[in-house]
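S.K.: Below you'll find final.txt; it's compact mmCIF, C-alpha atoms.
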# COMPACT_ATOMS: atom_id res chain seq x y z
CA MET A 1 -182.01 225.25 42.65
CA SER A 2 -180.03 222.09 42.77
CA GLU A 3 -182.37 219.68 41.07
CA GLN A 4 -180.44 217.63 38.53
CA ILE A 5 -181.85 217.40 35.05
CA THR A 6 -180.85 214.90 32.40
CA PHE A 7 -181.48 215.52 28.71
CA THR A 8 -179.75 214.96 25.37
CA ILE A 9 -178.23 217.20 22.68
CA ASP A 10 -177.74 215.37 19.40
CA GLY A 11 -177.90 212.10 21.32
CA VAL A 12 -175.25 213.08 23.90
CA GLU A 13 -176.50 212.82 27.47
CA ILE A 14 -176.12 216.05 29.49
CA LYS A 15 -176.70 216.52 33.21
CA ASP A 16 -177.16 220.01 34.62
CA LYS A 17 -178.99 222.03 37.26
CA ALA A 18 -182.60 223.05 36.74
CA GLY A 19 -182.93 226.69 35.69
CA GLN A 20 -180.04 226.57 33.21
CA THR A 21 -180.80 227.38 29.59
CA ILE A 22 -180.05 224.88 26.85
CA MET A 23 -177.18 227.11 25.72
CA GLN A 24 -175.62 227.33 29.20
CA ALA A 25 -175.80 223.57 29.63
CA ALA A 26 -174.40 222.97 26.15
CA ASP A 27 -171.53 225.43 26.73
CA GLU A 28 -170.55 223.66 29.94
CA ALA A 29 -170.63 220.31 28.18
CA GLY A 30 -168.41 221.61 25.36
CA ILE A 31 -171.13 221.58 22.70
CA TYR A 32 -171.23 224.76 20.62
CA ILE A 33 -174.62 226.08 19.60
CA PRO A 34 -174.04 228.92 17.08
CA ARG A 35 -175.31 232.28 18.36
CA LEU A 36 -175.13 235.91 17.37
CA CYS A 37 -177.15 238.30 19.56
CA ARG A 38 -176.20 236.45 22.76
CA HIS A 39 -173.47 238.11 24.84
CA PRO A 40 -172.19 236.33 27.98
CA ASP A 41 -172.43 239.47 30.14
CA LEU A 42 -175.96 240.44 29.08
CA PRO A 43 -179.32 238.74 29.56
CA PRO A 44 -180.37 236.56 26.60
CA ARG A 45 -182.75 238.20 24.13
CA GLY A 46 -183.54 235.37 21.73
CA SER A 47 -183.79 237.85 18.88
CA CYS A 48 -181.38 236.69 16.18
CA ARG A 49 -182.64 233.10 16.05
CA VAL A 50 -179.23 231.77 15.02
CA CYS A 51 -179.23 229.55 18.16
CA THR A 52 -182.53 227.93 17.22
CA VAL A 53 -182.50 224.22 18.07
CA PHE A 54 -185.24 221.62 17.89
CA VAL A 55 -186.58 220.72 21.33
CA ASN A 56 -188.68 217.56 21.13
CA GLY A 57 -189.17 218.46 17.47
CA LYS A 58 -190.15 222.10 18.00
CA PRO A 59 -187.93 225.08 17.17
CA GLN A 60 -186.78 227.04 20.26
CA ALA A 61 -184.09 229.65 20.93
CA ALA A 62 -181.40 227.79 22.91
CA CYS A 63 -180.31 230.98 24.69
CA THR A 64 -183.68 231.49 26.39
CA GLN A 65 -185.20 228.02 26.64
CA PRO A 66 -184.65 226.35 30.04
CA ILE A 67 -183.65 222.71 30.19
CA ALA A 68 -186.23 220.12 31.22
CA GLU A 69 -186.02 216.50 32.25
CA GLY A 70 -185.81 214.08 29.34
CA MET A 71 -185.93 216.68 26.56
CA THR A 72 -184.37 215.83 23.21
CA VAL A 73 -182.42 218.68 21.64
CA GLU A 74 -181.25 218.64 18.04
CA ASN A 75 -178.49 221.14 17.26
CA ASP A 76 -176.02 219.99 14.62
CA THR A 77 -178.35 218.93 11.82
CA PRO A 78 -178.26 219.78 8.10
CA GLU A 79 -181.66 221.49 8.41
CA LEU A 80 -180.55 223.79 11.24
CA LYS A 81 -177.25 224.49 9.50
CA GLU A 82 -179.24 225.58 6.46
CA SER A 83 -181.53 227.83 8.50
CA ARG A 84 -178.56 229.41 10.31
CA ARG A 85 -176.88 229.95 6.97
CA ASN A 86 -179.99 231.65 5.67
CA ILE A 87 -180.08 234.04 8.62
CA ILE A 88 -176.41 234.95 8.13
CA ASP A 89 -176.91 235.31 4.37
CA MET A 90 -179.84 237.67 4.89
CA LEU A 91 -177.93 239.77 7.43
CA PHE A 92 -175.12 240.18 4.89
CA ILE A 93 -177.40 241.36 2.07
CA GLU A 94 -179.53 243.60 4.29
CA GLY A 95 -176.62 245.80 5.34
CA ASN A 96 -173.47 247.05 3.69
CA HIS A 97 -170.84 244.65 4.98
CA PHE A 98 -167.57 245.61 3.33
CA CYS A 99 -165.24 243.27 5.21
CA MET A 100 -162.13 244.30 3.30
CA PHE A 101 -161.87 247.68 4.99
CA CYS A 102 -163.86 247.03 8.15
CA GLU A 103 -162.01 247.65 11.41
CA LYS A 104 -163.75 244.62 12.92
CA SER A 105 -162.74 242.15 10.22
CA GLY A 106 -161.12 239.08 11.77
CA ASN A 107 -162.77 239.80 15.12
CA CYS A 108 -166.33 240.06 13.81
CA GLU A 109 -168.87 237.53 15.05
CA LEU A 110 -171.07 237.80 11.95
CA GLN A 111 -168.09 237.17 9.68
CA ALA A 112 -166.83 234.38 11.96
CA LEU A 113 -170.19 232.60 11.82
CA ALA A 114 -170.17 232.85 8.04
CA TYR A 115 -166.67 231.35 8.01
CA ARG A 116 -167.70 228.58 10.38
CA LEU A 117 -170.73 227.77 8.24
CA GLY A 118 -168.46 227.74 5.18
CA ILE A 119 -170.36 230.44 3.29
CA LEU A 120 -168.55 231.13 0.02
CA SER A 121 -171.27 232.47 -2.23
CA PRO A 122 -174.15 234.86 -1.71
CA LYS A 123 -177.58 233.36 -2.19
CA TYR A 124 -179.67 236.50 -2.57
CA PRO A 125 -179.42 239.87 -4.35
CA TYR A 126 -177.82 242.61 -2.23
CA PHE A 127 -179.95 245.50 -0.96
CA PHE A 128 -177.21 248.18 -0.83
CA PRO A 129 -179.30 250.27 1.57
CA LYS A 130 -178.45 253.85 2.41
CA LYS A 131 -177.34 254.01 6.06
CA ASP A 132 -175.87 256.67 8.30
CA VAL A 133 -172.43 257.00 9.81
CA ASP A 134 -172.10 259.11 12.97
CA SER A 135 -168.51 260.12 13.67
CA THR A 136 -169.28 263.16 15.81
CA HIS A 137 -168.20 261.60 19.10
CA PRO A 138 -164.52 262.19 19.98
CA ASP A 139 -163.80 258.55 20.87
CA ILE A 140 -166.42 256.41 19.14
CA PHE A 141 -167.93 256.18 15.71
CA LEU A 142 -171.19 254.55 14.82
CA ASP A 143 -171.53 252.91 11.40
CA LEU A 144 -175.09 251.73 10.80
CA ASN A 145 -174.07 250.13 7.48
CA ARG A 146 -172.75 247.26 9.57
CA CYS A 147 -175.43 247.12 12.26
CA ILE A 148 -177.29 243.81 12.47
CA LEU A 149 -179.84 245.02 15.07
CA CYS A 150 -178.80 242.47 17.69
CA GLY A 151 -179.72 244.89 20.48
CA ARG A 152 -176.63 244.26 22.62
CA CYS A 153 -175.74 247.98 22.78
CA VAL A 154 -179.33 248.84 23.75
CA GLU A 155 -179.26 246.40 26.66
CA ALA A 156 -175.72 247.20 27.79
CA SER A 157 -176.31 250.95 27.79
CA ARG A 158 -179.63 250.67 29.56
CA ASP A 159 -178.99 247.87 32.08
CA VAL A 160 -175.22 247.99 32.70
CA ASP A 161 -174.20 251.61 32.04
CA HIS A 162 -177.61 253.01 33.13
CA LYS A 163 -177.42 255.62 30.38
CA GLY A 164 -179.85 254.43 27.73
CA VAL A 165 -177.78 255.87 24.89
CA PHE A 166 -179.17 253.52 22.24
CA GLU A 167 -182.67 252.48 21.29
CA PHE A 168 -184.44 250.90 18.36
CA VAL A 169 -186.60 253.14 16.18
CA GLY A 170 -188.78 252.25 13.20
CA ARG A 171 -190.29 248.94 12.21
CA GLY A 172 -189.55 246.15 9.77
CA ILE A 173 -186.96 247.03 7.16
CA GLU A 174 -186.94 250.63 8.51
CA LYS A 175 -185.87 249.48 11.98
CA LYS A 176 -182.57 250.95 13.10
CA ILE A 177 -180.50 251.92 16.11
CA ALA A 178 -180.90 255.55 17.15
CA VAL A 179 -179.05 257.54 19.79
CA ASN A 180 -180.85 259.18 22.67
CA ALA A 181 -180.11 262.80 21.78
CA GLU A 182 -181.51 265.69 19.76
CA ALA A 183 -178.83 265.21 17.12
CA ASP A 184 -175.77 263.00 17.24
CA LEU A 185 -173.73 260.61 19.34
CA LYS A 186 -171.62 263.52 20.59
CA ASP A 187 -174.73 264.94 22.29
CA THR A 188 -175.14 261.85 24.50
CA ASP A 189 -173.15 260.95 27.62
CA PHE A 190 -171.73 257.88 25.86
CA ALA A 191 -168.11 257.10 26.81
CA ALA A 192 -165.53 254.75 25.34
CA THR A 193 -165.31 253.06 28.75
CA ASP A 194 -169.01 252.12 28.66
CA LYS A 195 -170.00 248.46 28.44
CA ALA A 196 -172.04 249.36 25.36
CA ALA A 197 -168.82 250.32 23.57
CA ASP A 198 -167.49 246.78 23.95
CA VAL A 199 -170.41 244.51 23.10
CA CYS A 200 -171.01 245.13 19.38
CA PRO A 201 -170.54 241.80 17.54
CA VAL A 202 -169.86 243.60 14.25
CA GLY A 203 -168.13 246.84 13.27
CA ALA A 204 -171.06 249.15 14.00
CA ILE A 205 -169.72 250.65 17.26
CA ASN A 206 -166.01 251.32 17.01
CA LYS A 207 -163.46 252.99 19.25
CA LYS A 208 -161.47 255.54 17.34
CA ARG A 209 -157.68 255.21 17.12
CA THR A 210 -157.72 251.48 17.92
CA ALA A 211 -158.37 250.00 14.47
CA PHE A 212 -156.15 247.45 12.72
CA SER A 213 -153.91 247.05 15.79
CA THR A 214 -153.82 243.25 15.46
CA PRO A 215 -151.99 241.92 12.40
CA ILE A 216 -153.78 239.59 9.99
CA GLY A 217 -153.21 236.02 11.13
CA LYS A 218 -153.38 236.92 14.82
CA ARG A 219 -156.97 238.13 14.97
CA LEU A 220 -159.60 236.27 16.98
CA TYR A 221 -161.05 234.15 14.21
CA ASP A 222 -158.16 233.98 11.73
CA THR A 223 -157.17 230.40 12.45
CA LYS A 224 -159.77 229.06 14.88
CA PRO A 225 -163.51 229.02 14.18
CA ILE A 226 -165.86 230.86 16.48
CA GLY A 227 -167.07 228.46 19.17
CA SER A 228 -163.89 226.39 19.26
CA GLU A 229 -163.13 227.76 22.72
CA ILE A 230 -166.38 226.14 23.86
CA GLU A 231 -165.71 222.89 22.02
CA GLU A 232 -162.29 222.66 23.70
CA ARG A 233 -164.08 222.18 27.04
CA LYS A 234 -165.37 218.82 25.84
CA LYS A 235 -163.70 216.03 27.73
CA MET B 1 -155.31 215.00 -25.34
CA SER B 2 -155.22 218.76 -25.43
CA LYS B 3 -155.09 220.64 -22.17
CA PRO B 4 -158.22 222.28 -20.76
CA LYS B 5 -158.39 226.03 -21.21
CA ILE B 6 -158.77 228.78 -18.66
CA ALA B 7 -159.97 232.30 -19.38
CA THR B 8 -159.74 235.21 -16.97
CA THR B 9 -160.96 238.78 -16.94
CA SER B 10 -161.05 241.82 -14.71
CA LEU B 11 -164.36 243.69 -14.81
CA ALA B 12 -164.92 246.42 -12.19
CA GLY B 13 -161.94 245.24 -10.18
CA CYS B 14 -158.43 246.45 -9.41
CA PHE B 15 -156.45 243.51 -10.87
CA GLY B 16 -155.56 242.56 -7.31
CA CYS B 17 -157.13 239.14 -7.81
CA HIS B 18 -155.00 238.60 -10.91
CA MET B 19 -151.96 239.61 -8.87
CA SER B 20 -153.04 237.04 -6.30
CA LEU B 21 -153.24 234.41 -9.05
CA LEU B 22 -149.63 235.24 -10.01
CA ASP B 23 -148.80 234.94 -6.31
CA ILE B 24 -148.97 231.13 -6.65
CA ASP B 25 -145.24 231.58 -7.41
CA GLU B 26 -143.48 228.56 -8.92
CA ARG B 27 -146.76 226.65 -8.99
CA ILE B 28 -147.50 228.69 -12.09
CA LEU B 29 -145.19 226.26 -13.95
CA LYS B 30 -147.41 223.38 -12.81
CA LEU B 31 -150.48 225.37 -13.83
CA ILE B 32 -149.09 225.80 -17.33
CA GLU B 33 -148.64 222.02 -17.51
CA LEU B 34 -152.25 221.56 -16.50
CA VAL B 35 -153.96 224.22 -18.61
CA ASP B 36 -153.68 226.62 -21.52
CA PHE B 37 -154.75 230.22 -21.05
CA ASP B 38 -157.33 231.50 -23.51
CA LYS B 39 -158.81 235.03 -23.34
CA SER B 40 -156.99 236.63 -20.44
CA PRO B 41 -154.96 239.71 -19.55
CA ILE B 42 -152.17 237.29 -18.56
CA ASP B 43 -151.44 236.33 -22.19
CA ASP B 44 -153.24 239.33 -23.71
CA ILE B 45 -155.57 237.20 -25.86
CA LYS B 46 -158.51 239.54 -26.48
CA GLU B 47 -161.15 237.20 -27.91
CA PHE B 48 -162.15 233.65 -27.08
CA THR B 49 -160.51 231.09 -29.38
CA GLY B 50 -162.73 228.20 -28.26
CA ARG B 51 -164.51 226.48 -25.41
CA CYS B 52 -162.94 226.97 -21.96
CA ALA B 53 -163.17 224.68 -18.96
CA ILE B 54 -162.94 227.45 -16.39
CA GLY B 55 -163.57 231.18 -16.47
CA LEU B 56 -162.23 233.27 -13.61
CA ILE B 57 -164.10 236.55 -13.12
CA GLU B 58 -162.61 239.37 -11.14
CA GLY B 59 -164.79 242.41 -10.45
CA GLY B 60 -168.50 243.12 -10.63
CA CYS B 61 -170.45 244.85 -13.40
CA ALA B 62 -170.21 248.65 -13.31
CA ASN B 63 -170.81 249.37 -17.00
CA GLU B 64 -172.38 247.82 -20.10
CA ASP B 65 -169.06 246.45 -21.32
CA ASN B 66 -168.62 244.52 -18.05
CA VAL B 67 -172.03 242.92 -18.62
CA HIS B 68 -171.15 242.05 -22.23
CA VAL B 69 -167.81 240.47 -21.23
CA LEU B 70 -169.45 238.53 -18.38
CA GLN B 71 -172.12 237.18 -20.72
CA GLU B 72 -169.40 236.16 -23.21
CA PHE B 73 -167.62 234.31 -20.41
CA ARG B 74 -170.81 232.51 -19.44
CA LYS B 75 -171.28 231.50 -23.07
CA HIS B 76 -167.75 230.16 -23.52
CA CYS B 77 -166.91 228.64 -20.12
CA ASP B 78 -168.13 225.39 -18.58
CA ILE B 79 -167.48 226.59 -15.04
CA LEU B 80 -167.62 230.23 -14.06
CA VAL B 81 -165.87 231.26 -10.85
CA ALA B 82 -166.44 234.64 -9.17
CA VAL B 83 -162.98 235.43 -7.82
CA GLY B 84 -162.81 238.00 -5.05
CA ASP B 85 -165.28 240.18 -3.21
CA CYS B 86 -165.91 242.60 -6.13
CA ALA B 87 -167.22 239.77 -8.31
CA ILE B 88 -169.19 238.35 -5.40
CA MET B 89 -170.74 241.48 -3.89
CA GLY B 90 -169.55 244.48 -5.90
CA ASP B 91 -167.29 245.67 -3.15
CA ILE B 92 -165.48 249.03 -3.25
CA PRO B 93 -167.01 250.02 -6.63
CA ALA B 94 -170.42 249.15 -5.15
CA MET B 95 -170.00 251.83 -2.50
CA ARG B 96 -171.65 254.10 -5.05
CA ASN B 97 -174.74 251.92 -5.05
CA ASN B 98 -176.75 254.00 -2.61
CA ILE B 99 -175.85 257.27 -4.31
CA PRO B 100 -177.67 258.18 -7.56
CA LEU B 101 -175.43 257.79 -10.64
CA LYS B 102 -175.95 261.44 -11.65
CA GLU B 103 -174.63 262.61 -8.27
CA CYS B 104 -171.61 260.29 -8.56
CA LEU B 105 -170.71 261.61 -12.02
CA GLU B 106 -171.21 265.22 -10.98
CA GLU B 107 -168.98 264.71 -7.95
CA ALA B 108 -166.33 263.04 -10.11
CA TYR B 109 -166.35 265.49 -13.02
CA LEU B 110 -167.90 268.76 -11.85
CA ASN B 111 -168.08 269.32 -8.11
CA GLY B 112 -165.24 267.36 -6.51
CA PRO B 113 -162.77 269.48 -4.50
CA SER B 114 -159.84 268.77 -6.88
CA ILE B 115 -161.76 269.14 -10.17
CA HIS B 116 -160.60 271.65 -12.78
CA ASN B 117 -163.23 271.52 -15.51
CA PRO B 118 -164.17 275.08 -16.51
CA GLU B 119 -166.08 273.90 -19.63
CA LYS B 120 -168.18 271.59 -17.42
CA VAL B 121 -167.62 268.68 -19.82
CA MET B 122 -168.94 265.28 -18.84
CA PRO B 123 -167.34 262.28 -20.60
CA ASN B 124 -169.79 261.23 -23.31
CA ASP B 125 -167.66 259.76 -26.10
CA LYS B 126 -169.56 256.93 -27.73
CA GLU B 127 -166.47 254.74 -27.38
CA LEU B 128 -166.90 254.83 -23.61
CA PRO B 129 -169.10 252.09 -22.17
CA LEU B 130 -172.12 253.51 -20.36
CA CYS B 131 -172.15 253.29 -16.58
CA LEU B 132 -174.89 251.14 -15.08
CA ASP B 133 -177.27 252.64 -12.53
CA ARG B 134 -175.36 250.69 -9.87
CA VAL B 135 -172.66 248.05 -9.59
CA TYR B 136 -174.03 244.53 -9.93
CA PRO B 137 -172.44 241.49 -8.31
CA CYS B 138 -171.78 238.83 -10.98
CA HIS B 139 -174.36 236.37 -9.63
CA GLU B 140 -177.07 238.98 -10.25
CA VAL B 141 -176.17 239.06 -13.98
CA VAL B 142 -175.30 235.46 -14.98
CA LYS B 143 -175.24 232.05 -13.31
CA ILE B 144 -172.07 231.74 -11.23
CA ASP B 145 -170.92 228.23 -10.35
CA TYR B 146 -168.38 228.91 -7.62
CA SER B 147 -167.19 231.86 -5.55
CA LEU B 148 -163.82 232.46 -3.95
CA PRO B 149 -164.20 235.26 -1.41
CA GLY B 150 -161.38 237.52 -0.29
CA CYS B 151 -159.94 240.88 -1.15
CA PRO B 152 -158.10 239.35 -2.82
CA PRO B 153 -158.53 235.62 -2.23
CA GLY B 154 -155.11 234.26 -1.25
CA ALA B 155 -152.94 232.48 -3.80
CA ASP B 156 -153.46 229.21 -1.90
CA THR B 157 -157.23 229.63 -2.12
CA ILE B 158 -157.09 230.17 -5.89
CA TRP B 159 -154.61 227.33 -6.36
CA GLN B 160 -156.62 224.81 -4.31
CA ALA B 161 -159.80 225.79 -6.12
CA LEU B 162 -158.21 225.43 -9.57
CA VAL B 163 -156.64 222.06 -8.74
CA ALA B 164 -159.94 220.75 -7.37
CA LEU B 165 -161.99 221.97 -10.34
CA LEU B 166 -159.47 220.74 -12.94
CA ASN B 167 -159.51 217.29 -11.31
CA ASN B 168 -163.31 217.16 -11.07
CA LYS B 169 -163.09 217.15 -7.29
CA PRO B 170 -165.52 219.01 -5.02
CA LEU B 171 -164.33 222.46 -4.04
CA GLU B 172 -163.78 222.22 -0.28
CA LEU B 173 -161.71 224.97 1.26
CA PRO B 174 -160.22 224.53 4.73
CA TYR B 175 -161.28 227.05 7.40
CA GLU B 176 -158.09 229.13 7.13
CA LEU B 177 -158.67 229.81 3.44
CA ILE B 178 -162.19 231.23 3.77
CA LYS B 179 -161.62 234.96 4.26
CA TYR B 180 -163.68 237.98 3.28
CA ASP B 181 -160.82 240.47 3.65
Starting from the file, lay out its structure as structure tokens.
M.R.:
Amino acid sequence: MSEQITFTIDGVEIKDKAGQTIMQAADEAGIYIPRLCRHPDLPPRGSCRVCTVFVNGKPQAACTQPIAEGMTVENDTPELKESRRNIIDMLFIEGNHFCMFCEKSGNCELQALAYRLGILSPKYPYFFPKKDVDSTHPDIFLDLNRCILCGRCVEASRDVDHKGVFEFVGRGIEKKIAVNAEADLKDTDFAATDKAADVCPVGAINKKRTAFSTPIGKRLYDTKPIGSEIEERKK
Amino acid sequence: MSKPKIATTSLAGCFGCHMSLLDIDERILKLIELVDFDKSPIDDIKEFTGRCAIGLIEGGCANEDNVHVLQEFRKHCDILVAVGDCAIMGDIPAMRNNIPLKECLEEAYLNGPSIHNPEKVMPNDKELPLCLDRVYPCHEVVKIDYSLPGCPPGADTIWQALVALLNNKPLELPYELIKYD
């Protein structure tokens, strides 16, 4: 497909090929649309709704919605910032996110989004749910306290590793990630070299013996907000 | 004109946030020019002597005394700031929140691997404040006006926040100073 499409994001004119999603076109143009479940190496799911933008006044997930001629996309508005903040706030209270001792702190996409959105105070009461930790595997541990149910590990294990180690079980507030085995992670064929071991945005899937190797100040999001690598592409 | 007053306290915290406040180094001399300390472990004043402009709260509420102190702070302070992750979300003490209190106490005083307690005595002196069923973040107990996240928040974060609040400026922290760890 080589058909050129022209549309606008927050009033900026963008030209791109037909078939691209709003997020792909925005990334190329150096406009950052906040996202959480989206991973560049996996197909978009549109599940977290952090990347919601208004397309001709209607809310759409930017990671799945294709671009169309003449569409008007609103991204950086106070209303959308507020709704993104609410999603992040709710993810924080729904799990047990103890950043101060988390191996992922500083490299965590959930935390980085909260930083970027300038979240200082909690808005809601915390749930403090009881969640499982599975440390049976020799090279990986799974901490469901930190899981945000983005589904990246499910997709990566199924579609890239062709193992199907992870799957969702339960519904609503009971929904969680389960491993495809009678008992624990050690009973699966999961390996630290799997794609699924590298895609977790938070500290739910961790490689053992690799934690805290980067000093504070040098971690991914210590000095630069998440998304700044995309914004640097802007001419 | 008399200087505005600051009060500070450590509830279910580790005093790390107070250490971080002292970490402002020589700026503490400037701080003393700007404010007087009222009830605070820094000057060891135990009871409020009057109205305070700012109350800095470290730690969440793990027992009834924490709740009482927090309510006293709300009563006496114009602006209440939750300093650090314990005050904001309970933090390390709140790791007990999904374990029943009875189990926690039994593990601590009866069943833990290093416990020597042949009489099976549980602490029950009436001088001891009663533990709450779980640890409550401060904003779930009283109205909190501002929060400074971090474990602890850096000295620069605390300093910038105090200077802004004392000068009636909006509290706007630069990206580098917003940290949850």
S.K.: Pick the closest to chain A from B:Pro118, B:Asn168, B:Asn111, B:Pro93: which is it, counting only C-alpha atoms?
M.R.: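 Nearest to chain A: B:Pro93.
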S.K.: Which neighbours of Gly172 of chain A fall inside 12 Å, counting all atoms listed in the file, when residues of the same chain fewer than 4 positions from it are skipped, and could you give them as a list in words?
M.R.: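 The filter keeps Glu94, Leu149, Phe168 and Lys176 of chain A.
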S.K.: Mind checking which residues fall within 9 Å of Ile177 of chain A, counting all atoms listed in the file, ignoring those fewer than 6 positions away in the same chain, and posting them as a PDB file with C-alpha atoms, keeping the file's coordinate frame?
M.R.:
ATOM      1  CA  LEU A 144    -175.090 251.730  10.800  1.00  0.00           C
ATOM      2  CA  CYS A 147    -175.430 247.120  12.260  1.00  0.00           C
ATOM      3  CA  LEU A 149    -179.840 245.020  15.070  1.00  0.00           C
ATOM      4  CA  GLY A 151    -179.720 244.890  20.480  1.00  0.00           C
ATOM      5  CA  VAL A 154    -179.330 248.840  23.750  1.00  0.00           C
ATOM      6  CA  PHE A 166    -179.170 253.520  22.240  1.00  0.00           C
ATOM      7  CA  GLU A 167    -182.670 252.480  21.290  1.00  0.00           C
ATOM      8  CA  PHE A 168    -184.440 250.900  18.360  1.00  0.00           C
ATOM      9  CA  VAL A 169    -186.600 253.140  16.180  1.00  0.00           C
ATOM     10  CA  GLY A 170    -188.780 252.250  13.200  1.00  0.00           C
TER      11      GLY A 170
END
S.K.: Distance cut-off 10 Å, counting all atoms listed in the file - which residues of chain B neighbour chain A? Return them as a PyMOL selection string.
M.R.: chain B and resi 82+85+88-92+94-99+134-137+139-140+144-152+172-181
S.K.: Any idea what the distance is between atom CA of Lys3 of chain B and atom CA of Glu33 of chain B?
M.R.: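 Distance between the two atoms: 8.1 Å.
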S.K.: Could you jot down the atom CA of Leu185 of chain A to atom CA of Asp134 of chain A separation for me, Å, one decimal place?
M.R.: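 Atom CA of Leu185 of chain A sits 6.7 Å away from atom CA of Asp134 of chain A.
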S.K.: When distances are computed from only C-alpha atoms, which of B:Cys131, B:Val35, B:Leu101, B:Ile24 shows the smallest separation from Val67 of chain B?
M.R.: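 Of B:Cys131, B:Val35, B:Leu101, B:Ile24, the one nearest Val67 of chain B is B:Cys131, counting only C-alpha atoms.
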S.K.: Have a look at A:Asp159, A:Asp139, A:Glu232, A:Glu82 and name the one nearest to Thr193 of chain A; count all atoms listed in the file.
M.R.: A:Asp139
S.K.: For Ile32 of chain B, which residue among B:Glu127, B:Asp78, B:Ala108, B:Leu162 is the nearest when counting all atoms listed in the file?
M.R.: B:Leu162
S.K.: Env of segment 5-18 of chain B: 6 Å cut, atoms = all atoms listed in the file, seq-sep filter 3 positions within chain, self excluded. Answer as a PDB file with C-alpha atoms, in the coordinates of the input.
M.R.:
ATOM      1  CA  LEU B  21    -153.240 234.410  -9.050  1.00  0.00           C
ATOM      2  CA  VAL B  35    -153.960 224.220 -18.610  1.00  0.00           C
ATOM      3  CA  ASP B  36    -153.680 226.620 -21.520  1.00  0.00           C
ATOM      4  CA  PHE B  37    -154.750 230.220 -21.050  1.00  0.00           C
ATOM      5  CA  ASP B  38    -157.330 231.500 -23.510  1.00  0.00           C
ATOM      6  CA  LYS B  39    -158.810 235.030 -23.340  1.00  0.00           C
ATOM      7  CA  SER B  40    -156.990 236.630 -20.440  1.00  0.00           C
ATOM      8  CA  CYS B  52    -162.940 226.970 -21.960  1.00  0.00           C
ATOM      9  CA  ALA B  53    -163.170 224.680 -18.960  1.00  0.00           C
ATOM     10  CA  ILE B  54    -162.940 227.450 -16.390  1.00  0.00           C
ATOM     11  CA  GLY B  55    -163.570 231.180 -16.470  1.00  0.00           C
ATOM     12  CA  LEU B  56    -162.230 233.270 -13.610  1.00  0.00           C
ATOM     13  CA  ILE B  57    -164.100 236.550 -13.120  1.00  0.00           C
ATOM     14  CA  GLU B  58    -162.610 239.370 -11.140  1.00  0.00           C
ATOM     15  CA  GLY B  59    -164.790 242.410 -10.450  1.00  0.00           C
ATOM     16  CA  GLY B  60    -168.500 243.120 -10.630  1.00  0.00           C
ATOM     17  CA  CYS B  61    -170.450 244.850 -13.400  1.00  0.00           C
ATOM     18  CA  ALA B  62    -170.210 248.650 -13.310  1.00  0.00           C
ATOM     19  CA  ASN B  66    -168.620 244.520 -18.050  1.00  0.00           C
ATOM     20  CA  PRO B 152    -158.100 239.350  -2.820  1.00  0.00           C
TER      21      PRO B 152
END
S.K.: Quick one, how far is atom CA of Pro138 of chain A from atom CA of Lys208 of chain A?
M.R.: 7.8 Å
S.K.: So which one's closest to Glu103 of chain B, B:Val163, B:Ser2, B:Gly154, B:Asp133? Using only C-alpha atoms, please.
M.R.: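 The closest residue to Glu103 of chain B is B:Asp133.
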S.K.: Give me the residues within 10 Å of Glu13 of chain A as a ChimeraX atom specification, counting all atoms listed in the file and dropping any in the same chain fewer than 6 places off.
M.R.: /A:6-7,29,70,72
S.K.: Give as a list of chain:residue names the set of residues within 12 Å of the point (-176.1, 237.1, 28.9), where distances use the file's coordinates and only C-alpha atoms.
M.R.: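 The residues near that point, listed by chain and number, are A:Thr21, A:Met23, A:Gln24, A:Arg35, A:Leu36, A:Cys37, A:Arg38, A:His39, A:Pro40, A:Asp41, A:Leu42, A:Pro43, A:Pro44, A:Arg45, A:Gly46, A:Cys63, A:Thr64, A:Arg152, A:Glu155, A:Ala156, A:Asp159, A:Val160, A:Val199.
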S.K.: Considering all atoms listed in the file, can you say which of B:Leu105, B:Ala87, B:Ala164, B:Leu34 comes closest to Asn124 of chain B?
M.R.: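 Using all atoms listed in the file, Asn124 of chain B sits closest to B:Leu105.
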